[in-house]
Amino acid sequence: MSDDIWILGINMTKFGKHIDRDVVDLASEAVMAALADGGVTMADMGVFAAGNLMGSGGIGQQIQKQVGQTGIPVYNVSNACATGATALRTAIMSIKAGESDMGLAVGVEKLAGVGLLGGGGRAKKDGNEWEPQGRFGAVTSTDGRIGTDTMPGVFAQVGMEYGHKYGGADFELFAKISEKNHAHSTLNPLAAYSKRFTLEEIMGDMMIAYPNTRPMCSANCDGAAAAVVVSGEKLRTLSLEQQRRAVKVSASVLTSDPWQEACQVLPDVNTLTKNAAKTAYEQAGVGPEDLDLVELHDCFATAELVHYDNLGLCEEGGAVDFFNSGAPWRDGVLPVNVSGGLQSKGHPISATGIANIWEICHHLRGEAGDRQIEGAKVGLAHVIGLGSACGVHILEKSATS
Amino acid sequence: MADTATASRVPLVHYLVLDDGDPHLVASECTNCGARFFDRRNACASCFGTDFRQVQIATEGELRTFTIVAFAAPGVEVPFVSGVIDCDGTSVRGNLRNVEPDADHVHTGMKVRLTTYSLGTDDHGTEAIGFAFEPAS
């Protein structure tokens with residue numbers, strides 16, 4: 001097959017607070033390390049896609065000035081929490097289109113200490129006059145008056161809706177999901193937080209938006225992740241060692257949300273994830289039963305539950321039973337978020353969609369150290385950004401290794 | 001407001017209609033497929049039709065999901081209950097009022113009805129009216 005795509009080199013920085021380093025520094029560190037990991041240089045790259053949400057724009061060109069300006073096309077991408085996956089997919093599409101045989105993607109964010117995401121809106125004007133403005137003719141901010149715009153609240157409703165539909169999902173169950181991910185993080189030296197919490201500590205912590213307490217929310221932090229992708233044809237001209245460590249991208253899928261009745265009042269994170277997963281399994285020619293590990297978008301504990309179902313890891317409506325069976329723990333039948341997930345590894349938004357692929361690659365290469373899932377051959381990485389955008393990648397261990 | 005003869009009122013959002021004694025929500029409904037929208041659309045997001053009519057939303061419904069927000073942006077009073085209410089097939093986003101904001105008193109599946117409340121009066125004497133849902137029984 002001539003249009004197969006491989007991850008040749010990949011890296012993520014330590015996630016956490018990087019007080020003295022800006023987004024260009026962090027991204028450049030990840031890029032240099034990904035190139036070195038793949039045994040290549042900027043001279044080999046035919047395309048560069050760079051993702052960043054909170055910065056000033058033009059991040060790709062700024063990174064080039066740090067790591068090498070070769071005149072190749074740069075795509076600066078922004079796609080909510082799917083930004084990293086979108087950057088990777090942009091490089092992959094360039095290779096599939098035949099415009100290049102090797103490409104670079106990076107995602108980077110500085111998010112430590114920014115606090116609550118979403119919410120707020122305009123304050124009442126100084127003149128103290130009720131004046132209708134905007135698409136809804138609102139006379140003042142609607143956040144907190146007509147529901148919530150905050151991410152912990154939006155995703156709390158996503159999880160509670162699943163519980164209403166299928167039953168069995170309560171505060172304690174969601175807290176147990178968080179307990180799992182924090183326990184997993186203790187084996188990840190690059191995680192922003194690697195502290196194990198008891199169930200009581202999680203449930204007794206500060207409530208943000210019921211049922212999500214603080215440790216059940218993704219951790220805002222700084223970080224970057226970068227990947228070098230290569231065509232199968234080009235890979236076969238590289239060294240045996242490069243071929244042995246290369247990880248096959250069996251599926252690369254990006255979806256947005258199709259119209260659903262309620263999607264205008266509560267973002268529908270389910271339909272587009274189901275669509276992406278279905279397409280990815282078809283592309284890869286594998287099913288959920290073939291997966292050895294999954295990194296999914298647990299931006300909140302309430303989100304992880306619904307994605308067990310959306311990704312087909314359980315039968316429809318069976319997410320609570322799937323969790324209670326112990327399956328997604330690292331010693332279970334289908335480990336989910338062995339990195340610690342967004343709740344403890346951290347969620348520097350644009351880095352996340354490449355960092356989760358780095359985690360999968362680490363296991364498929366047999367290089368994950370203490371947290372290695374033994375014998376891992378196939379893994380799935382999922383991200384979703386509100387609005388919405390969903391990225392699903394299925395990765396397979398090299399047949400030559 | 002041009003009419004100064006009576007104390008005027010404005011709704012929090014234009015899809016809240018304050019008809020005397022009969023407040024209700026309205027939506028733009030696609031005449032082709034029936035999809036409903038609370039803001040303006042160039043075309044229907046579901047079928048791309050471009051013809052819409054205004055329809056009234058049922059004032060009673062069932063709470064399909066909720067959260068109790070304890071931590072919010074500055075200026076937003078907490079705690080409050082945010083939810084999605086199934087109003088006879090149309091999903092509506094709103095707060096719950098007149099109920100204790102805790103998980104012992106709020107549960108999915110509970111029957112609720114539309115209610116309105118004052119957001120205060122501006123310097124011109126205009127009162128803004130918000131909407132929420134409250135337990136129906």
# chains A, B, ... in the order shown; residues from 1 in each chain; ligands from 1
$ residues_around --residues "A:Met42" --least-positions-apart "3" --cutoff "10 Å" --atoms "only C-alpha atoms" --output "count of residues only"
16
$ interface_residues --of "chain A" --to "chain B" --cutoff "8 Å" --atoms "only C-alpha atoms" --output "PyMOL selection string"
chain A and resi 116+119-120+127-130+132+135-140+143-148+150+153-154+156-158+160-161+164+207-211+258-262+264-266
$ write_last_selection --atoms "N, CA and C atoms" --output "short mmCIF file (atom, residue, chain, number, x, y, z; two decimals), in the first residue's frame"
data_model
loop_
_atom_site.label_atom_id
_atom_site.label_comp_id
_atom_site.auth_asym_id
_atom_site.auth_seq_id
_atom_site.Cartn_x
_atom_site.Cartn_y
_atom_site.Cartn_z
N LEU A 116 -10.74 29.14 35.48
CA LEU A 116 -11.96 28.63 34.85
C LEU A 116 -12.03 29.02 33.37
N GLY A 119 -17.49 31.01 30.19
CA GLY A 119 -18.23 31.78 31.17
C GLY A 119 -17.83 33.23 31.21
N GLY A 120 -18.59 33.99 31.98
CA GLY A 120 -18.33 35.41 32.08
C GLY A 120 -19.24 36.19 31.15
N GLY A 127 -23.62 53.00 31.80
CA GLY A 127 -24.80 53.86 31.74
C GLY A 127 -26.02 53.26 32.41
N ASN A 128 -25.89 52.01 32.87
CA ASN A 128 -27.00 51.34 33.54
C ASN A 128 -28.28 51.39 32.70
N GLU A 129 -28.18 50.84 31.50
CA GLU A 129 -29.34 50.79 30.63
C GLU A 129 -29.47 49.38 30.07
N TRP A 130 -30.67 48.84 30.16
CA TRP A 130 -30.90 47.52 29.57
C TRP A 130 -30.97 47.68 28.06
N PRO A 132 -30.63 45.60 24.47
CA PRO A 132 -30.48 44.29 23.82
C PRO A 132 -29.29 44.27 22.87
N ARG A 135 -26.76 38.06 19.28
CA ARG A 135 -27.65 37.16 18.53
C ARG A 135 -28.94 36.84 19.27
N PHE A 136 -28.91 36.98 20.61
CA PHE A 136 -30.11 36.67 21.37
C PHE A 136 -30.79 37.93 21.91
N GLY A 137 -30.29 39.08 21.50
CA GLY A 137 -30.85 40.32 22.01
C GLY A 137 -30.78 40.41 23.52
N ALA A 138 -29.69 39.91 24.10
CA ALA A 138 -29.57 39.84 25.56
C ALA A 138 -29.27 41.22 26.14
N VAL A 139 -29.95 41.55 27.24
CA VAL A 139 -29.72 42.86 27.86
C VAL A 139 -28.59 42.82 28.87
N THR A 140 -28.13 41.63 29.19
CA THR A 140 -26.96 41.49 30.07
C THR A 140 -26.39 40.10 29.83
N ASP A 143 -24.62 34.12 31.02
CA ASP A 143 -23.92 33.07 31.78
C ASP A 143 -24.36 33.14 33.25
N GLY A 144 -24.88 32.05 33.74
CA GLY A 144 -25.36 32.03 35.12
C GLY A 144 -26.82 32.43 35.23
N ARG A 145 -27.38 33.02 34.18
CA ARG A 145 -28.80 33.38 34.18
C ARG A 145 -29.61 32.45 33.29
N ILE A 146 -28.98 32.04 32.17
CA ILE A 146 -29.61 31.04 31.31
C ILE A 146 -28.61 29.90 31.20
N GLY A 147 -28.54 29.11 32.25
CA GLY A 147 -27.58 28.01 32.27
C GLY A 147 -26.16 28.50 32.45
N THR A 148 -25.22 27.62 32.18
CA THR A 148 -23.81 27.93 32.41
C THR A 148 -23.00 27.81 31.13
N THR A 150 -19.61 27.70 31.58
CA THR A 150 -18.33 27.19 32.05
C THR A 150 -18.15 25.73 31.66
N GLY A 153 -19.26 22.94 34.08
CA GLY A 153 -20.71 22.82 34.13
C GLY A 153 -21.28 22.18 32.88
N VAL A 154 -20.75 22.57 31.72
CA VAL A 154 -21.23 21.99 30.46
C VAL A 154 -20.99 20.48 30.46
N ALA A 156 -20.42 18.56 33.02
CA ALA A 156 -21.20 17.91 34.08
C ALA A 156 -22.56 17.51 33.52
N GLN A 157 -23.16 18.41 32.75
CA GLN A 157 -24.48 18.13 32.18
C GLN A 157 -24.40 17.00 31.15
N VAL A 158 -23.29 16.93 30.44
CA VAL A 158 -23.09 15.84 29.47
C VAL A 158 -23.12 14.49 30.19
N MET A 160 -24.34 13.86 33.30
CA MET A 160 -25.62 13.66 33.98
C MET A 160 -26.72 13.25 32.99
N GLU A 161 -26.62 13.74 31.77
CA GLU A 161 -27.59 13.37 30.74
C GLU A 161 -27.47 11.88 30.42
N HIS A 164 -29.07 10.02 33.17
CA HIS A 164 -30.53 10.09 33.09
C HIS A 164 -31.05 9.09 32.06
N MET A 207 -16.15 21.65 45.38
CA MET A 207 -17.10 21.41 44.29
C MET A 207 -16.98 22.55 43.27
N ILE A 208 -16.84 22.19 42.00
CA ILE A 208 -16.79 23.22 40.94
C ILE A 208 -18.16 23.30 40.27
N ALA A 209 -18.60 22.19 39.72
CA ALA A 209 -19.95 22.12 39.12
C ALA A 209 -20.41 20.69 39.30
N TYR A 210 -21.36 20.49 40.20
CA TYR A 210 -21.82 19.14 40.55
C TYR A 210 -22.12 18.34 39.30
N PRO A 211 -21.60 17.11 39.21
CA PRO A 211 -20.84 16.37 40.21
C PRO A 211 -19.32 16.47 40.07
N PRO A 258 -22.83 16.95 13.53
CA PRO A 258 -23.99 17.11 12.67
C PRO A 258 -25.17 17.62 13.50
N TRP A 259 -26.13 18.24 12.85
CA TRP A 259 -27.29 18.80 13.54
C TRP A 259 -28.01 17.73 14.36
N GLN A 260 -28.22 18.05 15.62
CA GLN A 260 -29.06 17.24 16.50
C GLN A 260 -29.97 18.19 17.23
N GLU A 261 -31.14 17.75 17.58
CA GLU A 261 -32.16 18.64 18.14
C GLU A 261 -31.63 19.53 19.27
N ALA A 262 -30.89 18.95 20.20
CA ALA A 262 -30.52 19.70 21.40
C ALA A 262 -29.16 20.38 21.31
N GLN A 264 -27.95 22.97 20.08
CA GLN A 264 -27.79 24.41 20.24
C GLN A 264 -27.89 24.85 21.70
N VAL A 265 -28.39 23.98 22.58
CA VAL A 265 -28.50 24.39 23.98
C VAL A 265 -27.49 23.68 24.88
N LEU A 266 -27.07 22.48 24.50
CA LEU A 266 -25.99 21.79 25.21
C LEU A 266 -25.15 21.11 24.14
#
$ residues_around --residues "B:Thr59" --least-positions-apart "4" --cutoff "10 Å" --atoms "only C-alpha atoms" --output "list of chain:residue names"
B:Asp22, B:Pro23, B:His24, B:Leu25, B:Cys87, B:Asp88, B:Val112, B:Arg113, B:Leu114, B:Thr115, B:Phe133
$ write_last_selection --atoms "C-alpha atoms" --output "PDB file, in the first residue's frame"
ATOM      1  CA  ASP B  22     -48.618  34.722  29.690  1.00  0.00           C
ATOM      2  CA  PRO B  23     -44.839  34.739  29.369  1.00  0.00           C
ATOM      3  CA  HIS B  24     -43.415  32.122  27.052  1.00  0.00           C
ATOM      4  CA  LEU B  25     -40.429  31.305  24.892  1.00  0.00           C
ATOM      5  CA  CYS B  87     -40.278  21.171  26.643  1.00  0.00           C
ATOM      6  CA  ASP B  88     -42.521  18.853  24.670  1.00  0.00           C
ATOM      7  CA  VAL B 112     -40.708  21.870  35.771  1.00  0.00           C
ATOM      8  CA  ARG B 113     -42.483  24.931  34.404  1.00  0.00           C
ATOM      9  CA  LEU B 114     -41.436  28.319  33.111  1.00  0.00           C
ATOM     10  CA  THR B 115     -41.233  31.194  35.550  1.00  0.00           C
ATOM     11  CA  PHE B 133     -37.837  26.964  35.430  1.00  0.00           C
TER      12      PHE B 133
END
$ select_by_dssp --residues "stretch 108-252 of chain A" --states "strand (DSSP E)" --output "list in words"
Val108, Glu109, Met207, Ile208, Ala209, Tyr210, Asn212, Thr213, Gly223, Ala224, Ala225, Ala226, Ala227, Val228, Val229, Val230, Ser231, Val247, Lys248, Val249, Ser250, Ala251 and Ser252 of chain A
$ write_last_selection --atoms "all heavy atoms" --output "short mmCIF file (atom, residue, chain, number, x, y, z; two decimals), in the first residue's frame"
data_model
loop_
_atom_site.label_atom_id
_atom_site.label_comp_id
_atom_site.auth_asym_id
_atom_site.auth_seq_id
_atom_site.Cartn_x
_atom_site.Cartn_y
_atom_site.Cartn_z
N VAL A 108 0.95 23.46 21.17
CA VAL A 108 1.55 24.05 22.36
C VAL A 108 0.55 24.98 23.03
O VAL A 108 -0.26 25.62 22.38
CB VAL A 108 2.85 24.81 22.01
CG1 VAL A 108 2.56 25.97 21.04
CG2 VAL A 108 3.55 25.31 23.26
N GLU A 109 0.63 25.05 24.35
CA GLU A 109 -0.25 25.96 25.10
C GLU A 109 0.42 26.35 26.41
O GLU A 109 1.13 25.55 27.02
CB GLU A 109 -1.58 25.26 25.42
CG GLU A 109 -2.78 26.18 25.43
CD GLU A 109 -3.18 26.60 24.03
OE1 GLU A 109 -3.54 25.75 23.20
OE2 GLU A 109 -3.12 27.81 23.75
N MET A 207 -16.15 21.65 45.38
CA MET A 207 -17.10 21.41 44.29
C MET A 207 -16.98 22.55 43.27
O MET A 207 -16.98 23.73 43.64
CB MET A 207 -18.52 21.33 44.83
CG MET A 207 -19.57 21.02 43.79
SD MET A 207 -19.32 19.45 42.93
CE MET A 207 -19.80 18.28 44.22
N ILE A 208 -16.84 22.19 42.00
CA ILE A 208 -16.79 23.22 40.94
C ILE A 208 -18.16 23.30 40.27
O ILE A 208 -18.78 24.36 40.23
CB ILE A 208 -15.70 22.88 39.90
CG1 ILE A 208 -14.33 22.71 40.59
CG2 ILE A 208 -15.66 23.97 38.82
CD1 ILE A 208 -13.79 23.96 41.24
N ALA A 209 -18.60 22.19 39.72
CA ALA A 209 -19.95 22.12 39.12
C ALA A 209 -20.41 20.69 39.30
O ALA A 209 -19.88 19.78 38.65
CB ALA A 209 -19.93 22.51 37.64
N TYR A 210 -21.36 20.49 40.20
CA TYR A 210 -21.82 19.14 40.55
C TYR A 210 -22.12 18.34 39.30
O TYR A 210 -22.83 18.80 38.43
CB TYR A 210 -23.08 19.24 41.42
CG TYR A 210 -23.64 17.90 41.83
CD1 TYR A 210 -23.22 17.28 43.00
CD2 TYR A 210 -24.58 17.24 41.03
CE1 TYR A 210 -23.73 16.04 43.37
CE2 TYR A 210 -25.08 16.00 41.39
CZ TYR A 210 -24.65 15.40 42.57
OH TYR A 210 -25.13 14.18 42.92
N ASN A 212 -18.81 17.46 39.36
CA ASN A 212 -17.36 17.57 39.18
C ASN A 212 -16.71 18.40 40.29
O ASN A 212 -16.92 19.62 40.37
CB ASN A 212 -17.02 18.22 37.83
CG ASN A 212 -17.27 17.28 36.66
OD1 ASN A 212 -16.99 16.09 36.75
ND2 ASN A 212 -17.78 17.82 35.55
N THR A 213 -15.93 17.75 41.14
CA THR A 213 -15.11 18.49 42.10
C THR A 213 -13.78 18.84 41.42
O THR A 213 -13.51 18.39 40.30
CB THR A 213 -14.82 17.67 43.38
OG1 THR A 213 -14.05 16.51 43.02
CG2 THR A 213 -16.11 17.23 44.06
N GLY A 223 2.53 23.14 28.23
CA GLY A 223 3.17 21.99 27.63
C GLY A 223 3.09 22.02 26.12
O GLY A 223 2.35 22.82 25.54
N ALA A 224 3.88 21.15 25.52
CA ALA A 224 3.90 21.03 24.06
C ALA A 224 4.12 19.58 23.69
O ALA A 224 4.66 18.80 24.47
CB ALA A 224 4.99 21.91 23.46
N ALA A 225 3.68 19.23 22.48
CA ALA A 225 3.95 17.91 21.93
C ALA A 225 4.12 18.07 20.43
O ALA A 225 3.47 18.92 19.81
CB ALA A 225 2.81 16.94 22.25
N ALA A 226 5.01 17.26 19.86
CA ALA A 226 5.30 17.38 18.43
C ALA A 226 5.50 15.99 17.83
O ALA A 226 5.91 15.06 18.53
CB ALA A 226 6.55 18.22 18.18
N ALA A 227 5.19 15.87 16.54
CA ALA A 227 5.34 14.59 15.86
C ALA A 227 5.85 14.79 14.45
O ALA A 227 5.51 15.77 13.78
CB ALA A 227 4.00 13.84 15.82
N VAL A 228 6.68 13.86 14.00
CA VAL A 228 7.12 13.80 12.61
C VAL A 228 6.40 12.64 11.94
O VAL A 228 6.43 11.51 12.46
CB VAL A 228 8.65 13.58 12.51
CG1 VAL A 228 9.06 13.38 11.05
CG2 VAL A 228 9.40 14.75 13.13
N VAL A 229 5.71 12.93 10.83
CA VAL A 229 5.02 11.86 10.10
C VAL A 229 5.69 11.67 8.74
O VAL A 229 6.26 12.60 8.17
CB VAL A 229 3.51 12.17 9.92
CG1 VAL A 229 2.76 11.91 11.20
CG2 VAL A 229 3.29 13.59 9.44
N VAL A 230 5.60 10.43 8.26
CA VAL A 230 6.32 10.09 7.03
C VAL A 230 5.46 9.12 6.21
O VAL A 230 4.69 8.33 6.77
CB VAL A 230 7.70 9.46 7.37
CG1 VAL A 230 7.54 8.16 8.15
CG2 VAL A 230 8.53 9.23 6.13
N SER A 231 5.60 9.19 4.90
CA SER A 231 4.88 8.24 4.04
C SER A 231 5.55 6.87 4.16
O SER A 231 6.75 6.76 4.44
CB SER A 231 4.91 8.70 2.59
OG SER A 231 6.22 8.59 2.07
N VAL A 247 5.61 4.05 14.08
CA VAL A 247 4.28 3.58 14.48
C VAL A 247 3.30 3.92 13.35
O VAL A 247 3.26 5.05 12.87
CB VAL A 247 3.84 4.26 15.79
CG1 VAL A 247 2.37 3.97 16.09
CG2 VAL A 247 4.72 3.80 16.95
N LYS A 248 2.53 2.93 12.95
CA LYS A 248 1.62 3.12 11.82
C LYS A 248 0.37 3.90 12.24
O LYS A 248 -0.24 3.59 13.27
CB LYS A 248 1.20 1.77 11.24
CG LYS A 248 0.41 1.91 9.96
CD LYS A 248 0.07 0.55 9.36
CE LYS A 248 -0.68 0.74 8.06
NZ LYS A 248 -1.18 -0.55 7.53
N VAL A 249 0.03 4.91 11.44
CA VAL A 249 -1.23 5.63 11.63
C VAL A 249 -2.28 4.91 10.80
O VAL A 249 -2.42 5.14 9.60
CB VAL A 249 -1.11 7.11 11.21
CG1 VAL A 249 -2.43 7.84 11.47
CG2 VAL A 249 0.04 7.79 11.93
N SER A 250 -2.99 4.01 11.43
CA SER A 250 -3.97 3.19 10.69
C SER A 250 -5.23 3.95 10.37
O SER A 250 -5.97 3.60 9.45
CB SER A 250 -4.34 1.96 11.51
OG SER A 250 -3.20 1.19 11.75
N ALA A 251 -5.52 4.97 11.17
CA ALA A 251 -6.69 5.81 10.90
C ALA A 251 -6.42 7.20 11.44
O ALA A 251 -5.84 7.37 12.50
CB ALA A 251 -7.94 5.23 11.55
N SER A 252 -6.83 8.19 10.66
CA SER A 252 -6.76 9.59 11.08
C SER A 252 -8.06 10.25 10.65
O SER A 252 -8.32 10.40 9.46
CB SER A 252 -5.56 10.29 10.42
OG SER A 252 -5.60 11.68 10.69
#
$ atom_distance --atom1 "atom CA of A:Tyr308" --atom2 "atom CA of A:Ala376"
19.1 Å
$ closest_residue --among "A:His393, A:Gly168, A:Val74, A:Gly115" --to "A:Glu282" --atoms "only C-alpha atoms"
A:His393
$ select_by_dssp --residues "stretch 194-279 of chain A" --states "helix (DSSP H, G or I)" --output "list in words"
Leu199, Glu200, Glu201, Ile202, Met203, Gly204, Arg214, Pro215, Met216, Gly232, Glu233, Lys234, Leu235, Leu240, Glu241, Gln242, Gln243, Arg244, Arg245, Thr271, Leu272, Thr273, Lys274, Asn275, Ala276, Ala277, Lys278 and Thr279 of chain A
$ residues_around --residues "stretch 81-83 of chain A" --least-positions-apart "3" --cutoff "10 Å" --atoms "only C-alpha atoms" --output "PyMOL selection string"
chain A and resi 50-53+76-78+86-89+106-108+254-255+297+299+347-354+382-392
$ atom_distance --atom1 "atom CA of A:Asp20" --atom2 "atom CA of A:Ile63"
17.0 Å
$ atom_distance --atom1 "atom CA of A:Ile5" --atom2 "atom CA of A:Glu289"
22.9 Å
$ closest_residue --among "A:Asp309, A:Asp298, A:Glu374, A:Asp3" --to "A:Gln343" --atoms "only C-alpha atoms"
A:Asp298
$ residues_around --residues "stretch 178-184 of chain A" --least-positions-apart "5" --cutoff "8 Å" --atoms "only C-alpha atoms" --output "compact mmCIF listing (two decimals) with C-alpha atoms, in the first residue's frame"
# COMPACT_ATOMS: atom_id res chain seq x y z
CA SER A 194 1.13 12.59 39.81
CA LYS A 195 -0.53 12.37 43.19
CA ARG A 196 -2.88 9.56 44.04
CA PHE A 197 -6.17 10.62 45.64
CA THR A 198 -8.54 8.49 47.67
CA LEU A 199 -12.19 8.42 46.63
CA ILE A 202 -11.93 13.44 45.49
CA PRO A 215 -9.67 16.89 40.97
CA MET A 216 -12.35 15.70 38.51
CA ALA A 301 -14.66 12.84 34.90
CA TRP A 329 -7.93 0.39 34.90
CA ARG A 330 -4.37 -0.27 33.71
CA ASN A 337 -5.90 6.90 30.12
CA VAL A 338 -2.90 5.13 31.61
CA SER A 339 -1.09 8.46 31.20
CA GLY A 340 -3.29 9.87 33.96
CA GLY A 341 -5.52 11.59 31.44
CA GLN A 343 -7.32 15.28 34.93
CA SER A 344 -3.78 14.63 36.16
